[in-house]
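Visitor: Quick one, my_file-v1.cif (mmCIF, C-alpha atoms and all ligand atoms):
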data_work
loop_
_atom_site.label_atom_id
_atom_site.label_comp_id
_atom_site.auth_asym_id
_atom_site.auth_seq_id
_atom_site.Cartn_x
_atom_site.Cartn_y
_atom_site.Cartn_z
CA MET A 1 -25.57 33.39 5.20
CA SER A 2 -25.42 29.62 5.38
CA LYS A 3 -25.96 27.59 2.24
CA PRO A 4 -29.51 26.32 1.81
CA ILE A 5 -29.76 22.60 2.42
CA THR A 6 -30.64 20.60 -0.66
CA LYS A 7 -32.14 17.18 -0.15
CA LYS A 8 -30.83 14.23 -2.08
CA ARG A 9 -33.64 12.24 -3.64
CA VAL A 10 -32.90 8.55 -3.56
CA VAL A 11 -34.26 5.59 -5.51
CA LEU A 12 -33.72 2.38 -3.56
CA LEU A 13 -33.70 -0.83 -5.62
CA GLY A 14 -33.85 -3.73 -3.16
CA ALA A 15 -35.76 -2.02 -0.32
CA THR A 16 -36.78 -5.18 1.53
CA GLY A 17 -33.35 -6.87 1.89
CA SER A 18 -30.81 -6.26 4.65
CA ILE A 19 -29.02 -3.42 2.78
CA GLY A 20 -32.45 -1.95 2.01
CA GLU A 21 -33.49 -2.01 5.67
CA ASN A 22 -30.27 -0.29 6.75
CA THR A 23 -30.67 2.27 3.96
CA LEU A 24 -34.15 3.07 5.27
CA ARG A 25 -32.70 3.61 8.78
CA VAL A 26 -30.13 6.04 7.39
CA ILE A 27 -32.75 7.92 5.35
CA ALA A 28 -35.13 8.10 8.34
CA ALA A 29 -32.31 9.54 10.50
CA HIS A 30 -31.60 12.38 8.04
CA PRO A 31 -34.98 13.74 6.94
CA ASP A 32 -33.42 17.14 6.23
CA ARG A 33 -30.83 15.65 3.84
CA LEU A 34 -32.39 12.55 2.25
CA GLU A 35 -35.75 11.55 0.86
CA LEU A 36 -37.02 8.51 -0.99
CA ALA A 37 -38.23 9.12 -4.54
CA GLY A 38 -38.79 5.45 -5.36
CA ILE A 39 -38.43 1.94 -3.98
CA ALA A 40 -38.44 -1.52 -5.49
CA ALA A 41 -38.35 -5.14 -4.40
CA ARG A 42 -38.43 -8.52 -6.11
CA SER A 43 -41.90 -9.69 -4.98
CA GLY A 44 -42.52 -8.74 -1.33
CA TRP A 45 -45.16 -6.08 -1.96
CA GLU A 46 -46.70 -6.17 1.56
CA LYS A 47 -43.44 -5.04 3.12
CA LEU A 48 -43.01 -2.53 0.30
CA ALA A 49 -46.46 -1.13 1.10
CA ASP A 50 -45.43 -0.48 4.72
CA ILE A 51 -42.23 1.25 3.59
CA ALA A 52 -44.08 3.32 0.98
CA ARG A 53 -46.61 4.60 3.54
CA GLU A 54 -44.03 5.27 6.25
CA HIS A 55 -41.67 7.18 3.93
CA ARG A 56 -44.39 8.59 1.62
CA VAL A 57 -42.78 7.18 -1.51
CA PRO A 58 -44.54 8.14 -4.76
CA HIS A 59 -42.96 5.50 -7.04
CA VAL A 60 -43.00 1.77 -6.33
CA GLY A 61 -41.50 -1.06 -8.40
CA LEU A 62 -41.82 -4.84 -8.29
CA PHE A 63 -39.61 -7.11 -10.37
CA ASP A 64 -42.27 -9.83 -10.34
CA PRO A 65 -45.17 -8.60 -12.55
CA ALA A 66 -47.71 -10.78 -10.68
CA ALA A 67 -46.66 -9.19 -7.38
CA CYS A 68 -46.96 -5.76 -8.99
CA ALA A 69 -50.53 -6.51 -10.10
CA ALA A 70 -51.36 -7.75 -6.59
CA ALA A 71 -49.86 -4.60 -5.06
CA LYS A 72 -51.89 -2.34 -7.37
CA ALA A 73 -55.12 -4.17 -6.54
CA SER A 74 -54.45 -4.31 -2.80
CA GLY A 75 -55.45 -0.78 -1.84
CA ARG A 76 -52.53 -0.79 0.62
CA PHE A 77 -50.64 1.98 -1.20
CA ALA A 78 -51.49 5.69 -0.99
CA PRO A 79 -53.73 7.03 -3.78
CA GLY A 80 -51.62 8.44 -6.59
CA THR A 81 -48.80 5.91 -6.18
CA THR A 82 -47.16 5.10 -9.52
CA PHE A 83 -46.34 1.41 -10.03
CA HIS A 84 -43.44 0.08 -12.12
CA SER A 85 -43.50 -3.58 -13.14
CA GLY A 86 -40.82 -6.09 -14.13
CA LEU A 87 -37.28 -5.34 -15.28
CA PRO A 88 -38.55 -2.46 -17.48
CA GLY A 89 -40.14 -1.05 -14.30
CA LEU A 90 -36.85 -1.18 -12.41
CA ILE A 91 -35.17 0.57 -15.34
CA GLU A 92 -37.86 3.31 -15.28
CA LEU A 93 -37.22 3.80 -11.57
CA ALA A 94 -33.47 3.99 -12.14
CA ARG A 95 -34.08 6.84 -14.63
CA LEU A 96 -36.70 8.64 -12.55
CA PRO A 97 -36.37 12.38 -13.33
CA ALA A 98 -37.07 13.19 -9.67
CA ALA A 99 -34.05 11.23 -8.39
CA ASP A 100 -30.42 12.24 -7.81
CA THR A 101 -28.96 8.98 -6.51
CA VAL A 102 -29.84 5.36 -7.20
CA MET A 103 -28.95 2.76 -4.59
CA VAL A 104 -28.63 -0.67 -6.22
CA ALA A 105 -29.04 -3.29 -3.50
CA VAL A 106 -30.77 -6.10 -5.34
CA ILE A 107 -29.47 -9.65 -5.10
CA GLY A 108 -27.42 -11.08 -7.95
CA THR A 109 -27.29 -9.64 -11.44
CA THR A 110 -30.86 -8.28 -11.70
CA GLY A 111 -29.52 -4.79 -10.96
CA LEU A 112 -27.12 -4.70 -13.89
CA GLU A 113 -29.39 -3.08 -16.50
CA PRO A 114 -31.02 -0.69 -14.00
CA ALA A 115 -27.53 0.38 -12.85
CA LEU A 116 -26.45 1.15 -16.43
CA ALA A 117 -29.75 2.98 -17.04
CA ALA A 118 -29.19 5.13 -13.93
CA ILE A 119 -25.67 6.05 -15.07
CA ALA A 120 -26.87 6.91 -18.59
CA ALA A 121 -29.53 9.16 -17.04
CA GLY A 122 -26.83 11.00 -15.09
CA LYS A 123 -27.71 9.68 -11.64
CA ASP A 124 -25.04 9.04 -9.04
CA LEU A 125 -24.84 5.36 -8.21
CA ALA A 126 -24.52 3.86 -4.74
CA LEU A 127 -23.58 0.29 -5.53
CA ALA A 128 -24.17 -2.50 -3.03
CA SER A 129 -24.51 -5.42 -5.46
CA LYS A 130 -20.98 -6.73 -5.99
CA GLU A 131 -22.10 -9.18 -8.68
CA ILE A 132 -22.74 -6.27 -11.03
CA LEU A 133 -19.10 -5.19 -11.00
CA VAL A 134 -17.82 -8.75 -11.14
CA LEU A 135 -19.97 -9.44 -14.19
CA ALA A 136 -19.71 -6.21 -16.10
CA GLY A 137 -17.19 -4.01 -14.29
CA LYS A 138 -15.53 -2.65 -17.39
CA PHE A 139 -18.88 -1.53 -18.87
CA ILE A 140 -20.04 0.05 -15.61
CA MET A 141 -16.75 1.91 -15.05
CA ALA A 142 -16.62 3.13 -18.67
CA ALA A 143 -20.25 4.33 -18.52
CA ALA A 144 -19.69 6.15 -15.21
CA LYS A 145 -16.67 7.93 -16.69
CA LYS A 146 -18.53 8.82 -19.91
CA HIS A 147 -21.56 10.25 -18.11
CA ARG A 148 -19.47 11.81 -15.31
CA VAL A 149 -21.49 10.31 -12.50
CA LYS A 150 -20.19 9.38 -9.08
CA LEU A 151 -19.91 5.69 -8.35
CA LEU A 152 -19.96 5.21 -4.60
CA PRO A 153 -19.21 1.72 -3.32
CA VAL A 154 -21.47 0.56 -0.49
CA ASP A 155 -19.83 -2.80 0.20
CA SER A 156 -18.14 -2.02 3.54
CA GLU A 157 -14.59 -2.86 2.44
CA HIS A 158 -14.78 -0.91 -0.81
CA ASN A 159 -16.44 2.02 0.84
CA ALA A 160 -13.52 1.93 3.29
CA VAL A 161 -10.96 1.82 0.46
CA PHE A 162 -12.74 4.75 -1.20
CA GLN A 163 -12.39 6.75 2.02
CA CYS A 164 -8.68 5.88 2.47
CA ILE A 165 -7.62 6.36 -1.14
CA GLU A 166 -9.48 9.60 -1.83
CA GLY A 167 -7.10 12.47 -2.54
CA HIS A 168 -4.05 10.23 -3.00
CA PRO A 169 -2.44 9.82 -6.43
CA GLN A 170 -3.04 6.34 -7.84
CA ALA A 171 0.68 5.90 -8.57
CA GLY A 172 1.43 6.07 -4.86
CA VAL A 173 -0.79 3.13 -3.94
CA ARG A 174 1.14 -0.12 -3.50
CA ARG A 175 -1.67 -2.43 -2.42
CA VAL A 176 -5.14 -2.65 -1.00
CA VAL A 177 -5.83 -5.16 1.76
CA LEU A 178 -9.45 -6.16 2.40
CA THR A 179 -10.29 -7.68 5.75
CA ALA A 180 -12.32 -10.89 6.06
CA SER A 181 -14.01 -12.06 9.23
CA GLY A 182 -13.45 -15.67 8.16
CA GLY A 183 -17.16 -16.46 8.35
CA ALA A 184 -19.01 -19.02 10.41
CA PHE A 185 -16.30 -21.74 10.31
CA ARG A 186 -13.09 -19.82 10.77
CA ASP A 187 -12.29 -21.73 13.98
CA TRP A 188 -13.59 -25.16 12.91
CA PRO A 189 -11.07 -27.96 12.27
CA VAL A 190 -10.82 -28.71 8.52
CA GLU A 191 -12.21 -32.25 9.01
CA ARG A 192 -15.51 -30.87 10.26
CA LEU A 193 -16.06 -28.73 7.14
CA ALA A 194 -17.20 -31.82 5.21
CA HIS A 195 -20.24 -32.05 7.50
CA VAL A 196 -21.36 -28.42 7.49
CA THR A 197 -25.14 -28.04 7.11
CA PRO A 198 -27.01 -25.10 5.54
CA ALA A 199 -28.19 -24.17 9.06
CA ASP A 200 -24.56 -23.94 10.28
CA ALA A 201 -23.49 -21.89 7.29
CA VAL A 202 -26.07 -19.14 7.59
CA LYS A 203 -24.93 -18.11 11.08
CA HIS A 204 -22.45 -15.29 10.64
CA PRO A 205 -20.42 -14.27 13.71
CA ASN A 206 -20.43 -10.48 13.04
CA TRP A 207 -22.84 -9.40 10.32
CA ALA A 208 -26.56 -10.03 9.85
CA MET A 209 -27.03 -10.72 6.13
CA GLY A 210 -29.00 -12.87 3.69
CA PRO A 211 -28.29 -16.64 3.35
CA LYS A 212 -26.38 -16.45 0.03
CA ILE A 213 -23.82 -13.89 1.20
CA THR A 214 -23.49 -15.62 4.59
CA VAL A 215 -22.51 -18.87 2.83
CA ASP A 216 -20.15 -16.82 0.62
CA SER A 217 -18.55 -15.47 3.80
CA ALA A 218 -18.03 -19.01 5.10
CA THR A 219 -16.31 -20.16 1.86
CA LEU A 220 -14.59 -16.77 1.43
CA ALA A 221 -16.14 -16.57 -2.06
CA ASN A 222 -17.47 -13.26 -0.77
CA LYS A 223 -13.90 -12.02 -0.26
CA GLY A 224 -12.95 -13.44 -3.65
CA LEU A 225 -15.76 -11.45 -5.29
CA GLU A 226 -14.66 -8.40 -3.30
CA LEU A 227 -11.05 -8.67 -4.52
CA ILE A 228 -12.40 -8.72 -8.10
CA GLU A 229 -14.65 -5.76 -7.24
CA ALA A 230 -11.69 -3.82 -5.77
CA GLN A 231 -9.54 -4.49 -8.82
CA CYS A 232 -12.26 -3.03 -11.00
CA LEU A 233 -13.35 -0.06 -8.83
CA PHE A 234 -9.85 1.19 -8.04
CA ASN A 235 -8.12 0.18 -11.28
CA LEU A 236 -5.59 -2.14 -9.60
CA ARG A 237 -3.48 -5.05 -10.79
CA PRO A 238 -4.45 -8.48 -9.39
CA ASP A 239 -1.29 -8.59 -7.24
CA GLN A 240 -2.28 -5.28 -5.61
CA CYS A 241 -5.49 -6.75 -4.14
CA GLN A 242 -5.09 -8.89 -1.04
CA ALA A 243 -7.12 -10.24 1.86
CA VAL A 244 -6.32 -10.73 5.54
CA LEU A 245 -8.38 -12.41 8.26
CA HIS A 246 -9.58 -9.98 10.90
CA PRO A 247 -12.12 -11.69 13.16
CA GLN A 248 -13.48 -8.48 14.78
CA SER A 249 -14.69 -6.81 11.52
CA ILE A 250 -13.74 -3.37 12.87
CA VAL A 251 -10.98 -2.53 10.38
CA HIS A 252 -12.60 -2.78 6.93
CA CYS A 253 -9.54 -2.19 4.76
CA LEU A 254 -5.91 -1.19 4.79
CA VAL A 255 -4.40 0.83 1.95
CA GLU A 256 -0.62 0.64 1.72
CA PHE A 257 1.32 3.34 -0.08
CA ASN A 258 4.74 3.05 -1.76
CA ASP A 259 6.57 4.26 1.36
CA GLY A 260 5.04 1.44 3.45
CA ALA A 261 2.63 3.72 5.32
CA MET A 262 -0.89 2.33 5.66
CA LEU A 263 -4.24 4.00 6.12
CA ALA A 264 -7.08 1.99 7.60
CA GLN A 265 -10.79 2.67 7.98
CA LEU A 266 -12.46 1.60 11.23
CA CYS A 267 -16.07 1.53 12.36
CA PRO A 268 -18.38 -0.99 14.04
CA PRO A 269 -19.64 -3.80 11.80
CA SER A 270 -22.91 -2.20 10.72
CA MET A 271 -23.84 -1.41 7.12
CA THR A 272 -25.35 1.91 8.22
CA PHE A 273 -21.82 3.41 8.21
CA PRO A 274 -20.92 2.74 4.55
CA ILE A 275 -24.52 3.39 3.43
CA GLN A 276 -24.58 6.80 5.10
CA HIS A 277 -21.16 7.67 3.66
CA ALA A 278 -22.33 6.78 0.16
CA LEU A 279 -25.67 8.60 0.40
CA LEU A 280 -24.45 11.81 2.05
CA TYR A 281 -21.07 11.97 0.29
CA PRO A 282 -19.12 14.19 0.63
CA GLU A 283 -20.96 15.42 3.70
CA ARG A 284 -20.33 13.94 7.16
CA ALA A 285 -23.21 13.92 9.65
CA PRO A 286 -23.81 12.05 12.93
CA GLY A 287 -24.32 8.34 12.29
CA VAL A 288 -27.28 6.11 13.07
CA GLU A 289 -25.29 3.94 15.46
CA ALA A 290 -22.74 4.56 18.21
CA PRO A 291 -19.12 4.81 17.06
CA LEU A 292 -16.28 2.74 18.55
CA ASP A 293 -15.91 3.11 22.31
CA PHE A 294 -12.32 3.33 23.57
CA THR A 295 -13.33 3.39 27.23
CA ARG A 296 -13.60 -0.39 26.85
CA LEU A 297 -10.97 -2.91 25.80
CA LEU A 298 -10.80 -3.19 22.03
CA SER A 299 -8.51 -5.82 20.50
CA LEU A 300 -7.78 -5.95 16.80
CA GLU A 301 -6.31 -9.13 15.43
CA PHE A 302 -4.98 -9.98 11.95
CA ARG A 303 -4.16 -13.46 10.64
CA PRO A 304 -2.95 -14.66 7.25
CA VAL A 305 -5.56 -16.40 5.08
CA ASP A 306 -4.95 -20.10 4.49
CA GLU A 307 -5.96 -20.59 0.84
CA ASP A 308 -5.96 -24.39 1.26
CA ARG A 309 -8.75 -23.98 3.73
CA PHE A 310 -10.53 -21.44 1.52
CA PRO A 311 -10.08 -22.60 -2.11
CA MET A 312 -12.73 -20.11 -3.31
CA LEU A 313 -10.25 -17.32 -2.56
CA ARG A 314 -7.50 -18.95 -4.64
CA LEU A 315 -9.95 -19.51 -7.52
CA ALA A 316 -10.99 -15.84 -7.40
CA ARG A 317 -7.36 -14.71 -7.59
CA GLN A 318 -6.85 -17.00 -10.59
CA THR A 319 -9.83 -15.43 -12.38
CA MET A 320 -8.33 -11.96 -11.80
CA VAL A 321 -5.10 -13.04 -13.52
CA THR A 322 -6.98 -14.82 -16.36
CA GLY A 323 -9.26 -11.79 -16.84
CA GLY A 324 -11.92 -11.63 -19.57
CA SER A 325 -15.10 -13.32 -18.46
CA ALA A 326 -13.41 -15.63 -15.89
CA PRO A 327 -14.71 -13.57 -12.91
CA ALA A 328 -18.26 -13.68 -14.36
CA ILE A 329 -18.03 -17.47 -14.75
CA TYR A 330 -16.77 -17.76 -11.16
CA ASN A 331 -19.71 -15.69 -9.91
CA ALA A 332 -22.35 -17.59 -11.88
CA ALA A 333 -21.04 -21.06 -10.94
CA ASN A 334 -20.80 -20.00 -7.29
CA GLU A 335 -24.43 -18.79 -7.27
CA VAL A 336 -25.60 -22.15 -8.64
CA ALA A 337 -23.44 -24.13 -6.20
CA VAL A 338 -24.52 -22.11 -3.16
CA ALA A 339 -28.20 -22.47 -4.07
CA ALA A 340 -27.69 -26.24 -4.42
CA PHE A 341 -25.93 -26.37 -1.04
CA LEU A 342 -28.71 -24.36 0.64
CA ALA A 343 -31.27 -26.74 -0.90
CA GLY A 344 -29.39 -29.70 0.62
CA ARG A 345 -28.37 -31.07 -2.80
CA ILE A 346 -24.56 -30.85 -2.52
CA PRO A 347 -22.17 -30.82 0.45
CA PHE A 348 -20.41 -27.63 1.57
CA LEU A 349 -17.00 -28.73 0.24
CA ALA A 350 -18.47 -29.36 -3.24
CA ILE A 351 -19.05 -25.62 -3.76
CA PRO A 352 -15.44 -24.87 -4.87
CA GLN A 353 -15.37 -28.08 -6.91
CA VAL A 354 -18.38 -26.99 -8.97
CA VAL A 355 -16.82 -23.56 -9.53
CA ASP A 356 -13.43 -25.02 -10.47
CA LYS A 357 -14.99 -27.44 -12.97
CA THR A 358 -17.04 -24.67 -14.60
CA LEU A 359 -13.99 -22.39 -14.87
CA GLN A 360 -11.97 -25.15 -16.49
CA HIS A 361 -14.68 -26.00 -18.97
CA LEU A 362 -15.71 -22.56 -20.25
CA ASP A 363 -13.65 -20.24 -22.44
CA PRO A 364 -12.96 -16.98 -20.55
CA ARG A 365 -13.20 -14.77 -23.64
CA GLU A 366 -13.38 -11.00 -23.28
CA PRO A 367 -17.04 -9.96 -23.74
CA SER A 368 -17.53 -7.18 -26.29
CA ASP A 369 -20.97 -6.05 -25.12
CA LEU A 370 -23.58 -6.56 -22.43
CA ALA A 371 -25.46 -9.21 -24.43
CA GLU A 372 -22.30 -11.29 -24.51
CA VAL A 373 -21.81 -10.82 -20.76
CA LEU A 374 -25.31 -12.13 -20.12
CA ALA A 375 -24.77 -15.05 -22.53
CA ILE A 376 -21.57 -16.07 -20.71
CA ASP A 377 -23.37 -15.79 -17.36
CA ALA A 378 -26.18 -18.04 -18.66
CA ALA A 379 -23.73 -20.58 -20.13
CA ALA A 380 -21.84 -20.80 -16.83
CA ARG A 381 -25.11 -21.32 -14.93
CA ARG A 382 -26.18 -24.07 -17.35
CA TYR A 383 -22.84 -25.86 -17.09
CA ALA A 384 -22.69 -25.62 -13.28
CA THR A 385 -26.31 -26.79 -12.93
CA SER A 386 -25.67 -29.92 -14.98
CA HIS A 387 -22.36 -30.66 -13.20
CA LEU A 388 -23.33 -30.43 -9.54
MG MG B 1 -18.16 -6.76 2.17
#
Produce structure tokens that represent the structure in this file.
Ligand code: MG
Guide:
Amino acid sequence: MSKPITKKRVVLLGATGSIGENTLRVIAAHPDRLELAGIAARSGWEKLADIAREHRVPHVGLFDPAACAAAKASGRFAPGTTFHSGLPGLIELARLPAADTVMVAVIGTTGLEPALAAIAAGKDLALASKEILVLAGKFIMAAAKKHRVKLLPVDSEHNAVFQCIEGHPQAGVRRVVLTASGGAFRDWPVERLAHVTPADAVKHPNWAMGPKITVDSATLANKGLELIEAQCLFNLRPDQCQAVLHPQSIVHCLVEFNDGAMLAQLCPPSMTFPIQHALLYPERAPGVEAPLDFTRLLSLEFRPVDEDRFPMLRLARQTMVTGGSAPAIYNAANEVAVAAFLAGRIPFLAIPQVVDKTLQHLDPREPSDLAEVLAIDAAARRYATSHL
């Protein structure tokens, strides 16, 4: 007799962003395996109402209490829908007794406390928000170990490393190489970078993503954050985490072992692949999108990263060596600088300058608890904001 199929019940925090949309496609493609127990967004309740009706979701959360009140009063949600408001609402959703897995796909650090709440409640965590690990990686990893929950990385490179490294003893791993597309300006002459506009920076050659992460791809701050994330997730030394330019975004990582052999993970550049892996793990089922097609020419190219061209990568590597709260300061200052660039307040090349200044000014002490992490994050934001 075949094993009865049990459905995984998923809470999706960040349902209206690009990871959220791809997660909904994966869930819709596997109705026998996955169902939505709860969804949340920052403030876009109209879109949330459509998702809730289409997927028959009983629990709905909005980070913005005013948006939550508007949603409740709108009559656009099915009768019997339970609403969860504000950060406490997101935390309630993360602990929902009816859920097995919590997907954290909210922008920035808003997902930190919900992620810790989900772990403490014994839920498996599918983690798409890299800022959470950069800010509080040691607390997240320690909590996941203590509560024996699975922590499944959704960021494409880390999901790829997870797949390559699984089943191999840690001592045999020499290094992990994350691939970077190089972003919107990889082929621009350096002189032109001074004149980049926000409109130029939000056009990514391979991936469709939000504006913040698209700018981070163009500066390679995204790869810098990902190196920090890899160090934390896979318990590596800073010198074991490297990046290589790979314009096609087909190979997502390379894991090199002590004997020089490498394993790579390949799939088309669509987030549905890592999302499905994380949600169905360890099961493998047909994907939402077509796999690679070898009946057509497929070229894979790798180039060294020029850190003079991408100072955000060098700064990230420095924070990994410094340790303590240096990665959190890097992340906070970068968020402030990118927002200022997108608002037209500072030029593109000022982004690394703001981050460098903030890192030099603040003490990278080791935080002893979450309150201290949040205080360091706030101090870095304040300093960066007043030194744009
Ligand atoms: Mg990535």
Visitor: For ligand MG 1 (chain B), return the neighbouring residues as a PyMOL selection string (distance at most 7 Å; all atoms listed in the file).
Guide: chain A and resi 155-157+226
Visitor: Please write as a list in words the list of polymer residues whose atoms come within 8 Å of (-11.1, -5.7, 13.6), counting only C-alpha atoms and keeping to the coordinates of the file.
Guide: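 It turns out the residues near that spot are His246, Pro247, Gln248, Ser249, Ile250, Val251, His252, Leu266, Ser299, Leu300, Glu301 and Phe302 of chain A.
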Visitor: Got time to write the residues from that selection, C-alpha atoms, as a PDB file, keeping the file's coordinate frame?
Guide:
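Result went into again03.pdb, see below:
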ATOM      1  CA  HIS A 246      -9.580  -9.980  10.900  1.00  0.00           C
ATOM      2  CA  PRO A 247     -12.120 -11.690  13.160  1.00  0.00           C
ATOM      3  CA  GLN A 248     -13.480  -8.480  14.780  1.00  0.00           C
ATOM      4  CA  SER A 249     -14.690  -6.810  11.520  1.00  0.00           C
ATOM      5  CA  ILE A 250     -13.740  -3.370  12.870  1.00  0.00           C
ATOM      6  CA  VAL A 251     -10.980  -2.530  10.380  1.00  0.00           C
ATOM      7  CA  HIS A 252     -12.600  -2.780   6.930  1.00  0.00           C
ATOM      8  CA  LEU A 266     -12.460   1.600  11.230  1.00  0.00           C
ATOM      9  CA  SER A 299      -8.510  -5.820  20.500  1.00  0.00           C
ATOM     10  CA  LEU A 300      -7.780  -5.950  16.800  1.00  0.00           C
ATOM     11  CA  GLU A 301      -6.310  -9.130  15.430  1.00  0.00           C
ATOM     12  CA  PHE A 302      -4.980  -9.980  11.950  1.00  0.00           C
TER      13      PHE A 302
END
Visitor: Which residue gives the smallest distance to Val57 in chain A among A:Gly75, A:Asp32, A:Ala98, A:Gly323, with only C-alpha atoms counted?
Guide: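 Using only C-alpha atoms, Val57 in chain A sits closest to A:Ala98.
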Visitor: With a distance cut-off of 8 Å and all atoms listed in the file, select the neighbouring residues of His55 in chain A, excluding the residue or stretch itself and same-chain residues fewer than 6 positions from it, and output the selection as a ChimeraX atom specification.
Guide: /A:28,35-36
Visitor: By how many Å are CA of His195 in chain A and CA of Gly210 in chain A apart?
Guide: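 Answer for the CA of His195 in chain A to CA of Gly210 in chain A separation: 21.4 Å.
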Visitor: Counting all atoms listed in the file, which residue out of A:Gly287, A:Gly182, A:Pro352, A:Gly122 sits closest to Leu220 in chain A?
Guide: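 Of the candidates, the smallest distance to Leu220 in chain A is held by A:Gly182.
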Visitor: Determine the nearest neighbour of Cys68 in chain A from the options A:Ala143, A:Ala41, A:Ile51, A:Cys253, counting all atoms listed in the file.
Guide: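 Of the candidates, the smallest distance to Cys68 in chain A is held by A:Ala41.
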Visitor: Taking all atoms listed in the file into account, name the residue in A:Val106, A:Leu151, A:Ala339, A:Thr319 that is nearest to Gly20 in chain A.
Guide: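 Selected residue with least distance to Gly20 in chain A: A:Val106.
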Visitor: N, CA and C atoms are what I want for range 23-35 of chain A; can you complete it accordingly and write them as a CSV table (one decimal), in the coordinates of the input?
Guide:
chain,number,residue,atom,x,y,z
A,23,THR,N,-30.6,1.0,4.7
A,23,THR,CA,-30.7,2.3,4.0
A,23,THR,C,-31.9,3.1,4.5
A,24,LEU,N,-33.0,2.4,4.8
A,24,LEU,CA,-34.2,3.1,5.3
A,24,LEU,C,-33.9,3.7,6.6
A,25,ARG,N,-33.1,3.0,7.5
A,25,ARG,CA,-32.7,3.6,8.8
A,25,ARG,C,-31.9,4.9,8.6
A,26,VAL,N,-31.0,4.9,7.6
A,26,VAL,CA,-30.1,6.0,7.4
A,26,VAL,C,-31.0,7.2,6.9
A,27,ILE,N,-31.9,6.9,5.9
A,27,ILE,CA,-32.8,7.9,5.4
A,27,ILE,C,-33.7,8.5,6.4
A,28,ALA,N,-34.2,7.6,7.3
A,28,ALA,CA,-35.1,8.1,8.3
A,28,ALA,C,-34.4,9.0,9.3
A,29,ALA,N,-33.1,8.8,9.5
A,29,ALA,CA,-32.3,9.5,10.5
A,29,ALA,C,-31.9,10.9,9.9
A,30,HIS,N,-32.0,11.1,8.6
A,30,HIS,CA,-31.6,12.4,8.0
A,30,HIS,C,-32.7,13.0,7.2
A,31,PRO,N,-33.9,13.3,7.8
A,31,PRO,CA,-35.0,13.7,6.9
A,31,PRO,C,-34.7,15.1,6.3
A,32,ASP,N,-33.7,15.9,6.8
A,32,ASP,CA,-33.4,17.1,6.2
A,32,ASP,C,-32.5,17.0,5.1
A,33,ARG,N,-31.9,15.8,4.9
A,33,ARG,CA,-30.8,15.6,3.8
A,33,ARG,C,-31.3,14.6,2.8
A,34,LEU,N,-32.1,13.7,3.2
A,34,LEU,CA,-32.4,12.6,2.2
A,34,LEU,C,-33.9,12.3,2.2
A,35,GLU,N,-34.4,12.0,1.0
A,35,GLU,CA,-35.8,11.6,0.9
A,35,GLU,C,-35.9,10.5,-0.2
